[in-house]
Every structure is written in structure tokens, then in C-alpha cells.
Amino acid sequence: MSERKVLNKYYPPDFDPSKIPKLKLPKDRQYVVRLMAPFNMRCKTCGEYIYKGKKFNARKETVQNELYMGLPIFRFYIKCTRCLAEITFKTDPENTDYSMEHGATRNFQAEKLIEEEEKRIQQEREEEELNNPMKVLENRTRDSKMEMEVLETLQELKELNQRQAQVDFEGMIDKYRELERREKEREKDEDERETKEMLERVLVKRLRDSDSESEEESSSTQSQTSSTDKPTDILTTEKPTEAQGTSAGGVKRTKVESWERSVGTLGGGGALGSLVVRKKPAAAAINKPSPVAAPAALSSQTDSSASTGGSTTPSKAATTQNGPSSLSLLGAYSDSDSNDSE
């Protein structure tokens with residue numbers, strides 16, 4: 001079984017390479033190669049810029065009857081990317097570069113022009129020195145003078161560096177830092193003083209405002225006390241909490257509503273006594289004992305009988321003759337007030 005990749009080939013013993021026929025190809029044959037543009041150029045036909053490094057499928061050929069020290073020179077054909085015009089350039093082994101032939105112009109390159117100018121000046125100088133010995137002397141004198149000027153300049157730079165070396169940079173930095181610290185302290189003191197002044201002004205303003213408010217409150221209280229002299233002002237004043245909490249007989253009163261606080265209750269005898277006159281009950285109502293007054297009368301009679309020890313008969317006769325007692329009437333009146341308020 002043969003190898004997949006054949007590295008060695010078999011040559012028979014009677015192999016003669018001179019008997020192999022040679023392929024005859026023209027010397028100006030062109031090859032298709034892949035290359036990149038060696039420099040920036042601009043097409044003469046359409047003005048398109050072709051930058052350095054643009055890839056092309058170029059045709060390559062050897063230039064006939066043109067050699068440089070035995071080295072062949074090659075020519076390349078490319079097409080413009082916009083108008084497809086043909087552009088040609090060839091190698092330049094003398095300058096290790098490429099030279100443009102036709103179809104485009106090479107863009108401006110300052111470095112290359114400077115180098116060419118320097119080479120031209122150097123060649124002209126060498127030619128002059130070969131033909132004119134006085135020119136050689138002048139050039140030497142000029143060179144020595146320039147060398148002296150350069151040495152003087154170098155000496156001045158050295159002296160300047162020595163002067164700068166004697167300067168105490170650390171001391172200068174310390175002085176600058178001290179100056180900066182003092183400036184910060186001064187700014188801090190100014191800020192504290194301004195803050196203190198502002199606080200003092202605010203405090204004085206608050207004291208003045210509090211004095212004016214106290215004066216206004218005192219004047220308002222005086223006006224309120226003077227305005228409550230009228231009989232109708234009692235409707236707008238609030239009752240004391242003690243009077244609202246409990247009744248005269250010690251019985252706990254119900255919670256006073258908001259409308260009662262502002263208007264007042266008509267059943268209250270103390271607050272509206274000066275405005276509302278209660279209608280007197282009829283004689284039949286006076287003689288008829290109330291259900292609340294009966295237990296009070298019984299309790300009072302039992303207490304009096306227990307204290308006197310057998311003198312209940314005259315007291316009963318007295319009550320029946322004079323009607324219900326004053327205590328029973330007072331209890332009935334207080335109960336009626338509480339029922340009205342509820």
C-alpha cells in the first residue's frame with residue numbers, strides 16, 4: 001500500500017535529465033501576482049486616491065534590457081479601483097524603492113525629498129573640492145567655526161545645569177507648602193468668623209421675633225378678656241373640662257359633642273342660665289313624685305328612722321302635708337338636665 005503523502009520519488013538507474021525536453025516560454029511573459037500598493041498615489045484619469053497597502057491582483061513582467069548591477073527590474077500593472085484605468089510602476093533597487101511610470105502620480109513625501117536634496121548638496125560639494133583646492137580650505141574653516149560655536153553652546157548649557165543644581169528645590173517646595181498652609185488657615189478663620197456673625201444675626205432676629213410674638217399674644221388675650229363681657233360671648237367660649245367631666249351630683253357625664261362645644265347645651269343651667277329661662281313645672285308635676293326621687297326619699301326616710309329610733313311617724317306626716325322635699329326636687333332637676341343633654 002502506497003503512502004498518502006509521497007516525499008521521496010523513485011529515479012531509475014538509467015535516468016538522464018538532459019533528455020527531458022525544456023519548455024520554451026517567452027522572456028516577456030507576464031505572471032499574475034497578489035501585491036499591495038507600495039506608496040500613496042492618485043489616479044490621473046478620475047482623481048481617485050489609492051492609499052499605501054491597498055491589495056491588487058497585478059500582472060508582473062521583467063523589464064527588457066534594463067539591469068542594476070546584475071539585478072533584474074520588474075514592472076507591475078494594476079487598475080484603478082474607480083475607473084479601471086491602467087497604472088504601472090516598477091522596482092528601483094538603486095534607492096530600495098519603487099518608481100512610478102504612468103497612469104498615476106505619487107503623493108508628496110517630504111522626507112524623501114529632503115534626503116534627495118541632502119544627497120545632491122553633498123555631491124556638489126565633493127565635486128567642487130576635487131576641482132578647487134581653495135574651496136576645500138574654505139569648507140574646512142567653516143566647519144571648524146561651526147564646531148567652535150557648538151562647543152560654546154554646550155559649555156553654556158553645562159554652566160546652566162550647574163547653576164540649577166545648586167538651587168535647593170526641597171527648600172523651595174517646603175516654603176511653598178508653608179505658604180499654602182497659612183493661606184488655608186487664613187481662609188478657615190475667615191469662614192469661621194463669617195459663620196459666627198451669621199449665627200449672631202439669626203439669633204438676634206429670632207429674639208426680636210419672639211418679643212413681637214409675645215406682645216401680640218398679650219394684646220390678643222387682653223382683647224379676648226375684654227370681649228367676653230357681653231352676655232352672648234358665652235356661646236363661643238369653651239366650657240372647662242371639670243364641668244364637662246362630672247355633674248353636680250357626682251354622676252359621670254357623657255362625652256360632649258363638637259357642636260355642643262361651639263354652641264353650648266340648652267340643658268345646662270350654669271352656662272346658659274343668664275340667657276335661657278327655664279319654664280316652671282305645673283303644680284301636678286310638683287306633687288307627682290318622680291321615679292328617681294322615690295328611692296332617694298325612701299333612703300332618706302330609712303336613714304332618719306334609724307337615727308331617731310322610732311320618730312318616723314311625725315316626719316311622714318310632715319312630708320305628706322308639705323309635699324316632696326327640696327332634695328328630691330334637686331335630684332329630679334339634675335336628672336332632667338342630663339337627659340336633655342343626651
# chains A, B, ... in the order shown; residues from 1 in each chain; ligands from 1

call {"tool": "residues_around", "arguments": {"residues": "Glu101 in chain A", "least_positions_apart": "4", "cutoff": "10 Å", "atoms": "only C-alpha atoms", "output": "list of chain:residue names"}}
result
A:Arg75, A:Phe76, A:Ile87, A:Thr88, A:Phe89, A:Lys90, A:Thr105, A:Arg106

call {"tool": "select_by_dssp", "arguments": {"residues": "range 49-187 of chain A", "states": "helix (DSSP H, G or I)", "output": "PyMOL selection string"}}
result
chain A and resi 110-131+133-166+169-187

call {"tool": "closest_residue", "arguments": {"among": "A:Lys196, A:Arg42, A:Lys9, A:Lys158", "to": "Cys80 in chain A", "atoms": "only C-alpha atoms"}}
result
A:Arg42

call {"tool": "select_by_dssp", "arguments": {"residues": "range 102-240 of chain A", "states": "strand (DSSP E)", "output": "list in words"}}
result
His102, Ala104, Thr105 and Arg106 of chain A

call {"tool": "closest_residue", "arguments": {"among": "A:Ser218, A:Ser99, A:Thr81, A:Gln30", "to": "Lys54 in chain A", "atoms": "only C-alpha atoms"}}
result
A:Thr81
